[in-house]
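Enquirer: This is input_15.pdb (PDB, C-alpha atoms and all ligand atoms).
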```pdb
MODEL        1
ATOM      1  CA  MET A   1       0.000   0.000   0.000  1.00  0.00           C
ATOM      2  CA  PHE A   2       2.815   2.343   0.951  1.00  0.00           C
ATOM      3  CA  VAL A   3       4.570   1.715  -2.390  1.00  0.00           C
ATOM      4  CA  PHE A   4       1.443   2.574  -4.390  1.00  0.00           C
ATOM      5  CA  ARG A   5       1.036   5.786  -2.502  1.00  0.00           C
ATOM      6  CA  LYS A   6       4.603   6.756  -3.253  1.00  0.00           C
ATOM      7  CA  ILE A   7       4.104   6.111  -6.968  1.00  0.00           C
ATOM      8  CA  PHE A   8       0.932   8.181  -6.892  1.00  0.00           C
ATOM      9  CA  ILE A   9       2.789  11.124  -5.396  1.00  0.00           C
ATOM     10  CA  VAL A  10       5.540  10.823  -7.999  1.00  0.00           C
ATOM     11  CA  LEU A  11       2.932  10.852 -10.779  1.00  0.00           C
ATOM     12  CA  VAL A  12       1.201  13.906  -9.326  1.00  0.00           C
ATOM     13  CA  VAL A  13       4.500  15.799  -9.082  1.00  0.00           C
ATOM     14  CA  ALA A  14       5.431  14.799 -12.642  1.00  0.00           C
ATOM     15  CA  GLY A  15       2.018  15.968 -13.836  1.00  0.00           C
ATOM     16  CA  LEU A  16       2.462  19.351 -12.192  1.00  0.00           C
ATOM     17  CA  LEU A  17       5.869  19.785 -13.801  1.00  0.00           C
ATOM     18  CA  LEU A  18       4.482  18.932 -17.239  1.00  0.00           C
ATOM     19  CA  THR A  19       1.616  21.382 -16.785  1.00  0.00           C
ATOM     20  CA  ALA A  20       4.059  24.119 -15.802  1.00  0.00           C
ATOM     21  CA  CYS A  21       6.175  23.498 -18.890  1.00  0.00           C
ATOM     22  CA  GLY A  22       3.187  23.306 -21.252  1.00  0.00           C
ATOM     23  CA  GLY A  23       1.824  26.692 -20.242  1.00  0.00           C
ATOM     24  CA  GLN A  24       2.624  30.054 -21.859  1.00  0.00           C
ATOM     25  CA  ALA A  25       5.881  30.461 -19.992  1.00  0.00           C
ATOM     26  CA  ALA A  26       7.571  33.857 -19.982  1.00  0.00           C
ATOM     27  CA  GLY A  27       9.748  34.362 -23.029  1.00  0.00           C
ATOM     28  CA  GLN A  28       7.840  31.802 -25.095  1.00  0.00           C
ATOM     29  CA  PRO A  29       7.107  33.559 -28.414  1.00  0.00           C
ATOM     30  CA  VAL A  30       3.557  33.842 -29.749  1.00  0.00           C
ATOM     31  CA  GLU A  31       3.359  32.483 -33.282  1.00  0.00           C
ATOM     32  CA  VAL A  32       1.797  34.688 -35.975  1.00  0.00           C
ATOM     33  CA  GLN A  33       0.928  33.259 -39.400  1.00  0.00           C
ATOM     34  CA  ILE A  34       1.154  35.649 -42.353  1.00  0.00           C
ATOM     35  CA  THR A  35       0.164  34.859 -45.937  1.00  0.00           C
ATOM     36  CA  LEU A  36       1.185  36.934 -48.964  1.00  0.00           C
ATOM     37  CA  THR A  37      -0.705  36.906 -52.297  1.00  0.00           C
ATOM     38  CA  GLU A  38      -1.263  39.242 -55.288  1.00  0.00           C
ATOM     39  CA  PHE A  39      -1.918  41.614 -53.835  1.00  0.00           C
ATOM     40  CA  GLY A  40      -2.773  41.190 -50.238  1.00  0.00           C
ATOM     41  CA  ILE A  41      -1.495  40.371 -46.760  1.00  0.00           C
ATOM     42  CA  VAL A  42      -3.405  38.206 -44.296  1.00  0.00           C
ATOM     43  CA  SER A  43      -2.212  37.841 -40.691  1.00  0.00           C
ATOM     44  CA  SER A  44      -3.555  35.592 -37.928  1.00  0.00           C
ATOM     45  CA  VAL A  45      -2.864  38.463 -35.502  1.00  0.00           C
ATOM     46  CA  THR A  46      -3.209  42.224 -36.102  1.00  0.00           C
ATOM     47  CA  ASP A  47      -3.587  43.404 -32.477  1.00  0.00           C
ATOM     48  CA  PHE A  48      -0.261  43.100 -30.677  1.00  0.00           C
ATOM     49  CA  LYS A  49       1.015  43.864 -27.193  1.00  0.00           C
ATOM     50  CA  THR A  50       4.281  45.525 -26.194  1.00  0.00           C
ATOM     51  CA  GLY A  51       6.853  43.317 -24.508  1.00  0.00           C
ATOM     52  CA  VAL A  52       5.473  40.069 -25.944  1.00  0.00           C
ATOM     53  CA  PRO A  53       7.906  38.198 -28.210  1.00  0.00           C
ATOM     54  CA  TYR A  54       6.229  37.279 -31.504  1.00  0.00           C
ATOM     55  CA  HIS A  55       7.441  34.698 -33.991  1.00  0.00           C
ATOM     56  CA  PHE A  56       6.188  35.671 -37.464  1.00  0.00           C
ATOM     57  CA  VAL A  57       5.928  32.832 -39.964  1.00  0.00           C
ATOM     58  CA  VAL A  58       5.453  34.282 -43.448  1.00  0.00           C
ATOM     59  CA  THR A  59       4.395  32.229 -46.471  1.00  0.00           C
ATOM     60  CA  ASN A  60       4.357  33.491 -50.042  1.00  0.00           C
ATOM     61  CA  GLU A  61       1.263  31.909 -51.595  1.00  0.00           C
ATOM     62  CA  GLY A  62       1.460  34.197 -54.616  1.00  0.00           C
ATOM     63  CA  THR A  63       2.952  33.635 -58.047  1.00  0.00           C
ATOM     64  CA  VAL A  64       5.709  36.285 -57.791  1.00  0.00           C
ATOM     65  CA  GLU A  65       8.290  37.341 -55.191  1.00  0.00           C
ATOM     66  CA  HIS A  66       7.033  39.299 -52.203  1.00  0.00           C
ATOM     67  CA  GLU A  67       8.547  40.827 -49.101  1.00  0.00           C
ATOM     68  CA  ILE A  68       7.160  41.719 -45.703  1.00  0.00           C
ATOM     69  CA  MET A  69       7.901  44.780 -43.588  1.00  0.00           C
ATOM     70  CA  ILE A  70       6.522  46.204 -40.376  1.00  0.00           C
ATOM     71  CA  MET A  71       6.650  49.964 -40.780  1.00  0.00           C
ATOM     72  CA  PRO A  72       4.668  53.218 -40.724  1.00  0.00           C
ATOM     73  CA  PRO A  73       2.212  53.703 -43.599  1.00  0.00           C
ATOM     74  CA  LEU A  74       3.653  55.642 -46.535  1.00  0.00           C
ATOM     75  CA  LYS A  75       1.848  58.899 -47.176  1.00  0.00           C
ATOM     76  CA  GLU A  76       1.083  60.143 -50.658  1.00  0.00           C
ATOM     77  CA  ASP A  77       3.915  62.672 -50.578  1.00  0.00           C
ATOM     78  CA  ALA A  78       6.446  60.092 -49.411  1.00  0.00           C
ATOM     79  CA  MET A  79       5.408  57.844 -52.296  1.00  0.00           C
ATOM     80  CA  GLY A  80       5.630  60.785 -54.695  1.00  0.00           C
ATOM     81  CA  MET A  81       9.178  61.419 -53.537  1.00  0.00           C
ATOM     82  CA  ALA A  82      10.009  57.966 -54.852  1.00  0.00           C
ATOM     83  CA  MET A  83      11.899  56.680 -51.826  1.00  0.00           C
ATOM     84  CA  ASP A  84      14.447  54.069 -52.763  1.00  0.00           C
ATOM     85  CA  MET A  85      14.449  50.623 -51.220  1.00  0.00           C
ATOM     86  CA  GLY A  86      17.310  51.523 -48.869  1.00  0.00           C
ATOM     87  CA  GLU A  87      15.299  54.344 -47.305  1.00  0.00           C
ATOM     88  CA  LEU A  88      12.300  52.062 -46.899  1.00  0.00           C
ATOM     89  CA  ASP A  89      14.471  49.386 -45.272  1.00  0.00           C
ATOM     90  CA  GLU A  90      15.693  51.948 -42.742  1.00  0.00           C
ATOM     91  CA  MET A  91      12.112  52.854 -41.818  1.00  0.00           C
ATOM     92  CA  ALA A  92      11.171  49.246 -41.208  1.00  0.00           C
ATOM     93  CA  LEU A  93      11.002  47.902 -37.647  1.00  0.00           C
ATOM     94  CA  ALA A  94      11.373  44.384 -39.021  1.00  0.00           C
ATOM     95  CA  MET A  95      11.384  42.796 -42.455  1.00  0.00           C
ATOM     96  CA  ILE A  96      12.051  39.794 -44.659  1.00  0.00           C
ATOM     97  CA  GLU A  97      13.521  40.683 -48.032  1.00  0.00           C
ATOM     98  CA  ALA A  98      11.976  39.497 -51.290  1.00  0.00           C
ATOM     99  CA  SER A  99      15.027  37.355 -52.043  1.00  0.00           C
ATOM    100  CA  GLU A 100      14.078  35.203 -49.043  1.00  0.00           C
ATOM    101  CA  LEU A 101      10.425  34.908 -50.085  1.00  0.00           C
ATOM    102  CA  PRO A 102      10.299  33.414 -53.576  1.00  0.00           C
ATOM    103  CA  VAL A 103       7.063  31.729 -54.736  1.00  0.00           C
ATOM    104  CA  GLY A 104       5.953  29.086 -52.252  1.00  0.00           C
ATOM    105  CA  ALA A 105       8.628  29.902 -49.685  1.00  0.00           C
ATOM    106  CA  THR A 106       8.131  30.268 -45.957  1.00  0.00           C
ATOM    107  CA  ALA A 107      10.467  32.432 -43.885  1.00  0.00           C
ATOM    108  CA  SER A 108      10.248  33.698 -40.345  1.00  0.00           C
ATOM    109  CA  PHE A 109      11.431  36.469 -38.074  1.00  0.00           C
ATOM    110  CA  ASP A 110      11.067  37.366 -34.424  1.00  0.00           C
ATOM    111  CA  TYR A 111      10.013  40.751 -33.184  1.00  0.00           C
ATOM    112  CA  THR A 112       8.969  42.257 -29.865  1.00  0.00           C
ATOM    113  CA  PHE A 113       7.171  45.610 -30.011  1.00  0.00           C
ATOM    114  CA  THR A 114       8.637  48.055 -27.502  1.00  0.00           C
ATOM    115  CA  GLU A 115       6.230  50.946 -28.073  1.00  0.00           C
ATOM    116  CA  ALA A 116       2.460  51.170 -28.389  1.00  0.00           C
ATOM    117  CA  ALA A 117       1.146  52.008 -31.851  1.00  0.00           C
ATOM    118  CA  PRO A 118      -2.403  53.328 -32.250  1.00  0.00           C
ATOM    119  CA  SER A 119      -4.518  52.462 -35.268  1.00  0.00           C
ATOM    120  CA  GLY A 120      -2.932  53.933 -38.395  1.00  0.00           C
ATOM    121  CA  ALA A 121       0.622  54.168 -37.007  1.00  0.00           C
ATOM    122  CA  LEU A 122       2.003  50.847 -38.258  1.00  0.00           C
ATOM    123  CA  GLU A 123       1.221  48.271 -40.914  1.00  0.00           C
ATOM    124  CA  PHE A 124       2.496  45.155 -42.573  1.00  0.00           C
ATOM    125  CA  ALA A 125       3.540  46.054 -46.096  1.00  0.00           C
ATOM    126  CA  CYS A 126       5.155  44.663 -49.227  1.00  0.00           C
ATOM    127  CA  HIS A 127       7.280  47.281 -50.945  1.00  0.00           C
ATOM    128  CA  THR A 128       8.277  45.255 -53.968  1.00  0.00           C
ATOM    129  CA  PRO A 129       7.745  47.897 -56.702  1.00  0.00           C
ATOM    130  CA  GLY A 130       4.044  48.382 -57.431  1.00  0.00           C
ATOM    131  CA  HIS A 131       2.769  45.962 -54.787  1.00  0.00           C
ATOM    132  CA  TYR A 132       2.088  48.496 -52.034  1.00  0.00           C
ATOM    133  CA  GLU A 133       0.086  50.643 -54.432  1.00  0.00           C
ATOM    134  CA  ALA A 134      -1.821  47.532 -55.487  1.00  0.00           C
ATOM    135  CA  GLY A 135      -2.970  46.970 -51.922  1.00  0.00           C
ATOM    136  CA  MET A 136      -0.279  44.874 -50.230  1.00  0.00           C
ATOM    137  CA  LYS A 137      -0.684  46.415 -46.794  1.00  0.00           C
ATOM    138  CA  LEU A 138      -2.445  45.459 -43.614  1.00  0.00           C
ATOM    139  CA  PRO A 139      -2.884  47.804 -40.612  1.00  0.00           C
ATOM    140  CA  LEU A 140      -1.852  46.607 -37.164  1.00  0.00           C
ATOM    141  CA  THR A 141      -2.065  48.026 -33.670  1.00  0.00           C
ATOM    142  CA  VAL A 142       0.157  47.632 -30.616  1.00  0.00           C
ATOM    143  CA  LYS A 143      -1.172  48.166 -27.078  1.00  0.00           C
TER     144      LYS A 143
HETATM  145 CU    CU A 201       4.328  41.890 -52.823  1.00  0.00          CU
ENDMDL
END
```
Is it possible to express this structure as structure tokens?
Expert:
Amino acid sequence: MFVFRKIFIVLVVAGLLLTACGGQAAGQPVEVQITLTEFGIVSSVTDFKTGVPYHFVVTNEGTVEHEIMIMPPLKEDAMGMAMDMGELDEMALAMIEASELPVGATASFDYTFTEAAPSGALEFACHTPGHYEAGMKLPLTVK
């Protein structure tokens, strides 16, 4: 009887440990699925929180190369100024370049927002020439 009781306790302790590990432990990134097409961006999450590590998994389901950036929306005048790709890259908080997202490819990046961003302050965007203008953008918020 004593032996059975001991085994029971061991099982209970093991169960508690497994539960603790299976939970959303601190530092465990939240996975976000993003799909790129002509010409659109779909994300499983668009409302983010500061301080939470996110793991973005981006799949190009289109028929041409795409890229993904997290950055402020481009205003008409900024677009008119014809910013080059280098300037856009500098504005981006995070990105995956088009060379890493050929047709059918999946690539990922990790990003943790450090500042809140109200509606209209940030978006996902593809700045492969012509794609942004064709609608490859998706607003996001950070609280
Ligand atoms: Cu694109």
Enquirer: With the PyMOL selection byres (((not hetatm)) within 10 of (chain A and resi 201)) as the selection, what would be picked from this file? Answer as a count of residues only, please.
Expert: 29
Enquirer: Give me the residues within 12 Å of A:Pro73 as a PDB file with C-alpha atoms, in the coordinates of the input, counting all atoms listed in the file and dropping any in the same chain fewer than 3 places off.
Expert:
```pdb
ATOM      1  CA  MET A  69       7.901  44.780 -43.588  1.00  0.00           C
ATOM      2  CA  ILE A  70       6.522  46.204 -40.376  1.00  0.00           C
ATOM      3  CA  GLU A  76       1.083  60.143 -50.658  1.00  0.00           C
ATOM      4  CA  ASP A  77       3.915  62.672 -50.578  1.00  0.00           C
ATOM      5  CA  ALA A  78       6.446  60.092 -49.411  1.00  0.00           C
ATOM      6  CA  MET A  79       5.408  57.844 -52.296  1.00  0.00           C
ATOM      7  CA  LEU A  88      12.300  52.062 -46.899  1.00  0.00           C
ATOM      8  CA  MET A  91      12.112  52.854 -41.818  1.00  0.00           C
ATOM      9  CA  ALA A  92      11.171  49.246 -41.208  1.00  0.00           C
ATOM     10  CA  ALA A 117       1.146  52.008 -31.851  1.00  0.00           C
ATOM     11  CA  SER A 119      -4.518  52.462 -35.268  1.00  0.00           C
ATOM     12  CA  GLY A 120      -2.932  53.933 -38.395  1.00  0.00           C
ATOM     13  CA  ALA A 121       0.622  54.168 -37.007  1.00  0.00           C
ATOM     14  CA  LEU A 122       2.003  50.847 -38.258  1.00  0.00           C
ATOM     15  CA  GLU A 123       1.221  48.271 -40.914  1.00  0.00           C
ATOM     16  CA  PHE A 124       2.496  45.155 -42.573  1.00  0.00           C
ATOM     17  CA  ALA A 125       3.540  46.054 -46.096  1.00  0.00           C
ATOM     18  CA  CYS A 126       5.155  44.663 -49.227  1.00  0.00           C
ATOM     19  CA  HIS A 127       7.280  47.281 -50.945  1.00  0.00           C
ATOM     20  CA  TYR A 132       2.088  48.496 -52.034  1.00  0.00           C
ATOM     21  CA  GLU A 133       0.086  50.643 -54.432  1.00  0.00           C
ATOM     22  CA  GLY A 135      -2.970  46.970 -51.922  1.00  0.00           C
ATOM     23  CA  MET A 136      -0.279  44.874 -50.230  1.00  0.00           C
ATOM     24  CA  LYS A 137      -0.684  46.415 -46.794  1.00  0.00           C
ATOM     25  CA  LEU A 138      -2.445  45.459 -43.614  1.00  0.00           C
ATOM     26  CA  PRO A 139      -2.884  47.804 -40.612  1.00  0.00           C
ATOM     27  CA  LEU A 140      -1.852  46.607 -37.164  1.00  0.00           C
TER      28      LEU A 140
END
```
Enquirer: Which distance in Å separates atom CA of A:Pro29 and atom CA of A:Phe56, to one decimal?
Expert: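 Here the two named atoms are 9.3 Å from each other.
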Enquirer: With 4 Å of padding per side, what axis-aligned box (centre and edge lengths, Å, one decimal) covers all the listed atoms of stretch 89-96 of chain A? Give it as JSON.
Expert:
```
{"center_x": 13.3, "center_y": 46.3, "center_z": -41.5, "size_x": 12.7, "size_y": 21.1, "size_z": 15.6}
```
Enquirer: Which residues fall under the PyMOL selection byres (((chain A and resi 34) around 10) and not hetatm) in this file, as a list of chain:residue names?
Expert: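 Going through the file, the PyMOL selection byres (((chain A and resi 34) around 10) and not hetatm) ends up selecting A:Glu31, A:Val32, A:Gln33, A:Thr35, A:Leu36, A:Ile41, A:Val42, A:Ser43, A:Ser44, A:Val45, A:Phe56, A:Val57, A:Val58, A:Thr59, A:Asn60, A:Glu61, A:Ile68, A:Thr106, A:Ala107, A:Ser108, A:Phe124.
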Enquirer: Write out the residues from the selection above, keeping C-alpha atoms, as an mmCIF file, keeping the file's coordinate frame.
Expert:
```
data_model
loop_
_atom_site.group_PDB
_atom_site.id
_atom_site.type_symbol
_atom_site.label_atom_id
_atom_site.label_comp_id
_atom_site.auth_asym_id
_atom_site.auth_seq_id
_atom_site.Cartn_x
_atom_site.Cartn_y
_atom_site.Cartn_z
ATOM 1 C CA GLU A 31 3.359 32.483 -33.282
ATOM 2 C CA VAL A 32 1.797 34.688 -35.975
ATOM 3 C CA GLN A 33 0.928 33.259 -39.400
ATOM 4 C CA THR A 35 0.164 34.859 -45.937
ATOM 5 C CA LEU A 36 1.185 36.934 -48.964
ATOM 6 C CA ILE A 41 -1.495 40.371 -46.760
ATOM 7 C CA VAL A 42 -3.405 38.206 -44.296
ATOM 8 C CA SER A 43 -2.212 37.841 -40.691
ATOM 9 C CA SER A 44 -3.555 35.592 -37.928
ATOM 10 C CA VAL A 45 -2.864 38.463 -35.502
ATOM 11 C CA PHE A 56 6.188 35.671 -37.464
ATOM 12 C CA VAL A 57 5.928 32.832 -39.964
ATOM 13 C CA VAL A 58 5.453 34.282 -43.448
ATOM 14 C CA THR A 59 4.395 32.229 -46.471
ATOM 15 C CA ASN A 60 4.357 33.491 -50.042
ATOM 16 C CA GLU A 61 1.263 31.909 -51.595
ATOM 17 C CA ILE A 68 7.160 41.719 -45.703
ATOM 18 C CA THR A 106 8.131 30.268 -45.957
ATOM 19 C CA ALA A 107 10.467 32.432 -43.885
ATOM 20 C CA SER A 108 10.248 33.698 -40.345
ATOM 21 C CA PHE A 124 2.496 45.155 -42.573
#
```
Enquirer: Counting all atoms listed in the file, which residue out of A:Ala94, A:Val30, A:Ser99, A:Phe109 sits closest to A:Phe48?
Expert: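 The shortest atom-to-atom distance to A:Phe48 comes from A:Val30.
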Enquirer: Just how far from atom CA of A:Phe113 is atom CA of A:Val52, in Å to one decimal?
Expert: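 Atom-to-atom, atom CA of A:Val52 and atom CA of A:Phe113 are spaced 7.1 Å apart.
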Enquirer: Could you state the separation of atom CA of A:Asp110 and atom CA of A:Asp84 in Å, given to one decimal place?
Expert: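 Taking atom CA of A:Asp110 as the start and atom CA of A:Asp84 as the end point, the length is 25.0 Å.
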